[in-house]
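Engineer: Next up is a structure, given as structure tokens.
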Amino acid sequence: MLRSVRVTSASLDDHEGFFSRVLTKLNSLWLAATYPFAGVGRSLSAHYASEISRTLAPHIRLGNHVEIGRHTWFHTWSIPTIEDKNALKIIVEDGSRIGPRCTISAANSIHLEREVVLGSDILVMDHAHAYEDINIPIKDQGATPGGRIRIGEGCRIGQGAAILCSNKGELVLGRNCIVAPGAVVARSFPPNSVLSGNPARIVQSPGVKQAGGDEKSGERSEVDLANIEVTLHDR
């Protein structure tokens, strides 16, 4: 007598999760072994659906225990010239984690220090599309010179945020900054700041306790730290 077989959604999820982990492990080993990175540390985890250009690899340095999520894209506007053929465009230090569907687009330099966490759908771009001449289509005007971006140790960037440096200079987020989901950061901020809004501004100053309200003004902080969630891998 034939016995019916029930396949539950949970068992399908288990199988899909298992194969995803296997493919991610194989992809990580393949990237570390065959891509000409400027440097790659131990225990790289790069989702099999992430996108890293082999041409860009010599200008990328990855630390130990770096995680790169599904559909995350490492990109550069132009291939470095002979003069800066050894220039590092993207640096991701030890323990940093990049969530799914992020875009890291570097024309000059993007540096993620140790233990930085990017949530999902985040844009980090150190240049912009040029649009000075109204008689030329934007797509034909190239990119602005842009600047450099450095995200300090321990920063947490919420879902859908953008960190943009379209002009010359350096945009620096000090260590342990928190960027709320959907915020647009276009200038530097000091360590331990909590940022929200478009354009982003400080809603909790370094060293000031505001979770239950500002003692001086009686106003509540606009960002509850417990509600800033960072989703990494949707494997």
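Residue numbering restarts at 1 in every chain; chains get A, B, ... in the order shown in the structure tokens, and ligands count up from 1 in that same order.
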Using only C-alpha atoms, I'd like a table of the residues in segment 81-117 of chain A that come within 9 Å of segment 144-162 of chain A; for each, show the closest atom pair and its distance in Å rounded to one decimal, ordered by chain and ascending number, as a tab-separated table.

Structural biologist:
```
residue	atom	partner	partner_atom	distance
A:Glu93	CA	A:Glu153	CA	8.9
A:Ser96	CA	A:Gly154	CA	8.5
A:Gly99	CA	A:Gln159	CA	8.8
A:Cys102	CA	A:Gly160	CA	8.7
A:Ala106	CA	A:Arg148	CA	8.5
A:Ala107	CA	A:Gly146	CA	7.3
A:Asn108	CA	A:Arg148	CA	6.0
A:Ser109	CA	A:Arg148	CA	4.9
A:Ile110	CA	A:Ile149	CA	4.8
A:His111	CA	A:Arg150	CA	4.7
A:Leu112	CA	A:Ile151	CA	5.0
A:Glu113	CA	A:Glu153	CA	4.8
A:Arg114	CA	A:Glu153	CA	4.8
A:Glu115	CA	A:Gly154	CA	4.8
A:Val116	CA	A:Gly154	CA	4.8
A:Val117	CA	A:Arg156	CA	5.0
```

Engineer: For the residues in that selection, give me C-alpha atoms as a short mmCIF file (atom, residue, chain, number, x, y, z; two decimals), in the first residue's frame.

Structural biologist:
```cif
data_model
loop_
_atom_site.label_atom_id
_atom_site.label_comp_id
_atom_site.auth_asym_id
_atom_site.auth_seq_id
_atom_site.Cartn_x
_atom_site.Cartn_y
_atom_site.Cartn_z
CA GLU A 93 37.95 45.26 8.06
CA SER A 96 32.20 43.60 9.40
CA GLY A 99 23.42 42.74 4.60
CA CYS A 102 23.54 46.60 -0.49
CA ALA A 106 33.62 53.45 -4.95
CA ALA A 107 35.31 55.87 -7.31
CA ASN A 108 37.90 56.87 -4.72
CA SER A 109 37.81 55.09 -1.36
CA ILE A 110 35.21 53.45 0.88
CA HIS A 111 36.55 52.09 4.16
CA LEU A 112 34.51 50.06 6.64
CA GLU A 113 36.42 49.69 9.89
CA ARG A 114 36.18 46.75 12.30
CA GLU A 115 32.78 45.36 13.35
CA VAL A 116 30.69 47.64 11.11
CA VAL A 117 27.23 46.28 10.37
#
```

Engineer: Hey, what does DSSP flag as strand (DSSP E) within segment 69-207 of chain A? Can you give it to me as a PyMOL selection string?

Structural biologist: chain A and resi 73-75+90-92+97-98+103-105+109-112+117-118+123-125+148-151+156-157+162-164+170-173+178-179+184-185+194-196+201-204

Engineer: List the neighbours of segment 23-31 of chain A out to 8 Å using only C-alpha atoms; skip same-chain residues closer than 6 positions along the sequence, and give me the result as a ChimeraX atom specification.

Structural biologist: /A:44-48

Engineer: Those selected residues, please, written with N, CA and C atoms and delivered as a compact mmCIF listing (two decimals), in the first residue's frame.

Structural biologist:
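Contents of out-v2.txt, as written:
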```txt
# COMPACT_ATOMS: atom_id res chain seq x y z
N LEU A 44 35.95 34.14 5.16
CA LEU A 44 35.08 34.98 4.34
C LEU A 44 33.76 34.26 4.10
N SER A 45 32.64 34.99 4.23
CA SER A 45 31.32 34.44 3.89
C SER A 45 30.67 35.39 2.89
N ALA A 46 30.68 35.00 1.62
CA ALA A 46 30.09 35.81 0.55
C ALA A 46 28.94 35.03 -0.07
N HIS A 47 27.73 35.51 0.11
CA HIS A 47 26.56 34.82 -0.42
C HIS A 47 26.74 34.52 -1.90
N TYR A 48 26.28 33.34 -2.32
CA TYR A 48 26.51 32.92 -3.71
C TYR A 48 25.85 33.87 -4.72
```

Engineer: Please report, as CSV, each residue of segment 149-201 of chain A lying at most 10 Å from segment 126-132 of chain A, together with the nearest pair of atoms and the separation in Å rounded to one decimal; use only C-alpha atoms, and order rows by chain and ascending residue number.

Structural biologist:
```
residue,atom,partner,partner_atom,distance
A:Ile149,CA,A:Asp126,CA,6.2
A:Arg150,CA,A:Asp126,CA,9.8
A:Ile163,CA,A:Asp126,CA,8.2
A:Leu164,CA,A:Asp126,CA,5.8
A:Cys165,CA,A:Asp126,CA,4.5
A:Ser166,CA,A:His127,CA,4.1
A:Asn167,CA,A:His127,CA,6.9
A:Lys168,CA,A:His127,CA,8.8
A:Gly169,CA,A:Asp126,CA,9.8
A:Glu170,CA,A:Asp126,CA,8.9
A:Leu171,CA,A:Asp126,CA,8.6
A:Ala186,CA,A:Asp126,CA,9.9
```

Engineer: Next, dump the selected residues to file, keeping only C-alpha atoms, as an mmCIF file, in the first residue's frame.

Structural biologist:
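Generated output (out-v3.cif):
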```
data_model
loop_
_atom_site.group_PDB
_atom_site.id
_atom_site.type_symbol
_atom_site.label_atom_id
_atom_site.label_comp_id
_atom_site.auth_asym_id
_atom_site.auth_seq_id
_atom_site.Cartn_x
_atom_site.Cartn_y
_atom_site.Cartn_z
ATOM 1 C CA ILE A 149 34.054 57.620 2.935
ATOM 2 C CA ARG A 150 35.174 56.093 6.220
ATOM 3 C CA ILE A 163 25.761 57.294 2.878
ATOM 4 C CA LEU A 164 26.808 59.661 0.093
ATOM 5 C CA CYS A 165 29.913 61.746 -0.553
ATOM 6 C CA SER A 166 29.473 63.446 -3.925
ATOM 7 C CA ASN A 167 31.995 66.260 -3.383
ATOM 8 C CA LYS A 168 35.719 66.366 -2.672
ATOM 9 C CA GLY A 169 36.796 65.716 0.873
ATOM 10 C CA GLU A 170 36.186 62.924 3.366
ATOM 11 C CA LEU A 171 32.938 61.853 4.975
ATOM 12 C CA ALA A 186 25.878 63.376 3.446
#
```

Engineer: I need the residue nearest Ser120 of chain A from this list: A:Val179, A:Thr76, A:Asp140, A:Arg70. Use only C-alpha atoms for the distance.

Structural biologist: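 Among A:Val179, A:Thr76, A:Asp140, A:Arg70, it is A:Arg70 that comes nearest to Ser120 of chain A.
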
Engineer: So how far away is atom CA of Ala38 of chain A from atom CA of Asp121 of chain A, in Å?

Structural biologist: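 Straight-line distance from atom CA of Asp121 of chain A to atom CA of Ala38 of chain A works out to 26.0 Å.
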
Engineer: Distance atom CA of Met125 of chain A-atom CA of Ser50 of chain A, one decimal place?

Structural biologist: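 Spanning atom CA of Met125 of chain A to atom CA of Ser50 of chain A is a straight-line distance of 17.5 Å.
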
Engineer: At a cut-off of 8 Å, using only C-alpha atoms, what residues contact Pro58 of chain A? Leave out same-chain residues fewer than 6 positions from it and give the result as a PDB file with C-alpha atoms, in the first residue's frame.

Structural biologist:
```pdb
ATOM      1  CA  PRO A  36      43.107  38.561  -7.056  1.00  0.00           C
ATOM      2  CA  PHE A  37      42.068  40.551  -3.974  1.00  0.00           C
ATOM      3  CA  ALA A  38      44.559  43.022  -2.521  1.00  0.00           C
ATOM      4  CA  ASN A  86      47.588  49.652  -6.628  1.00  0.00           C
ATOM      5  CA  LEU A  88      42.582  50.385  -2.632  1.00  0.00           C
TER       6      LEU A  88
END
```

Engineer: Identify, on the basis of only C-alpha atoms, every residue whose closest approach to His71 of chain A does not exceed 7 Å; exclude the query and any residue fewer than 4 positions from it along the same chain; express the result as a ChimeraX atom specification.

Structural biologist: /A:49-51,100-101
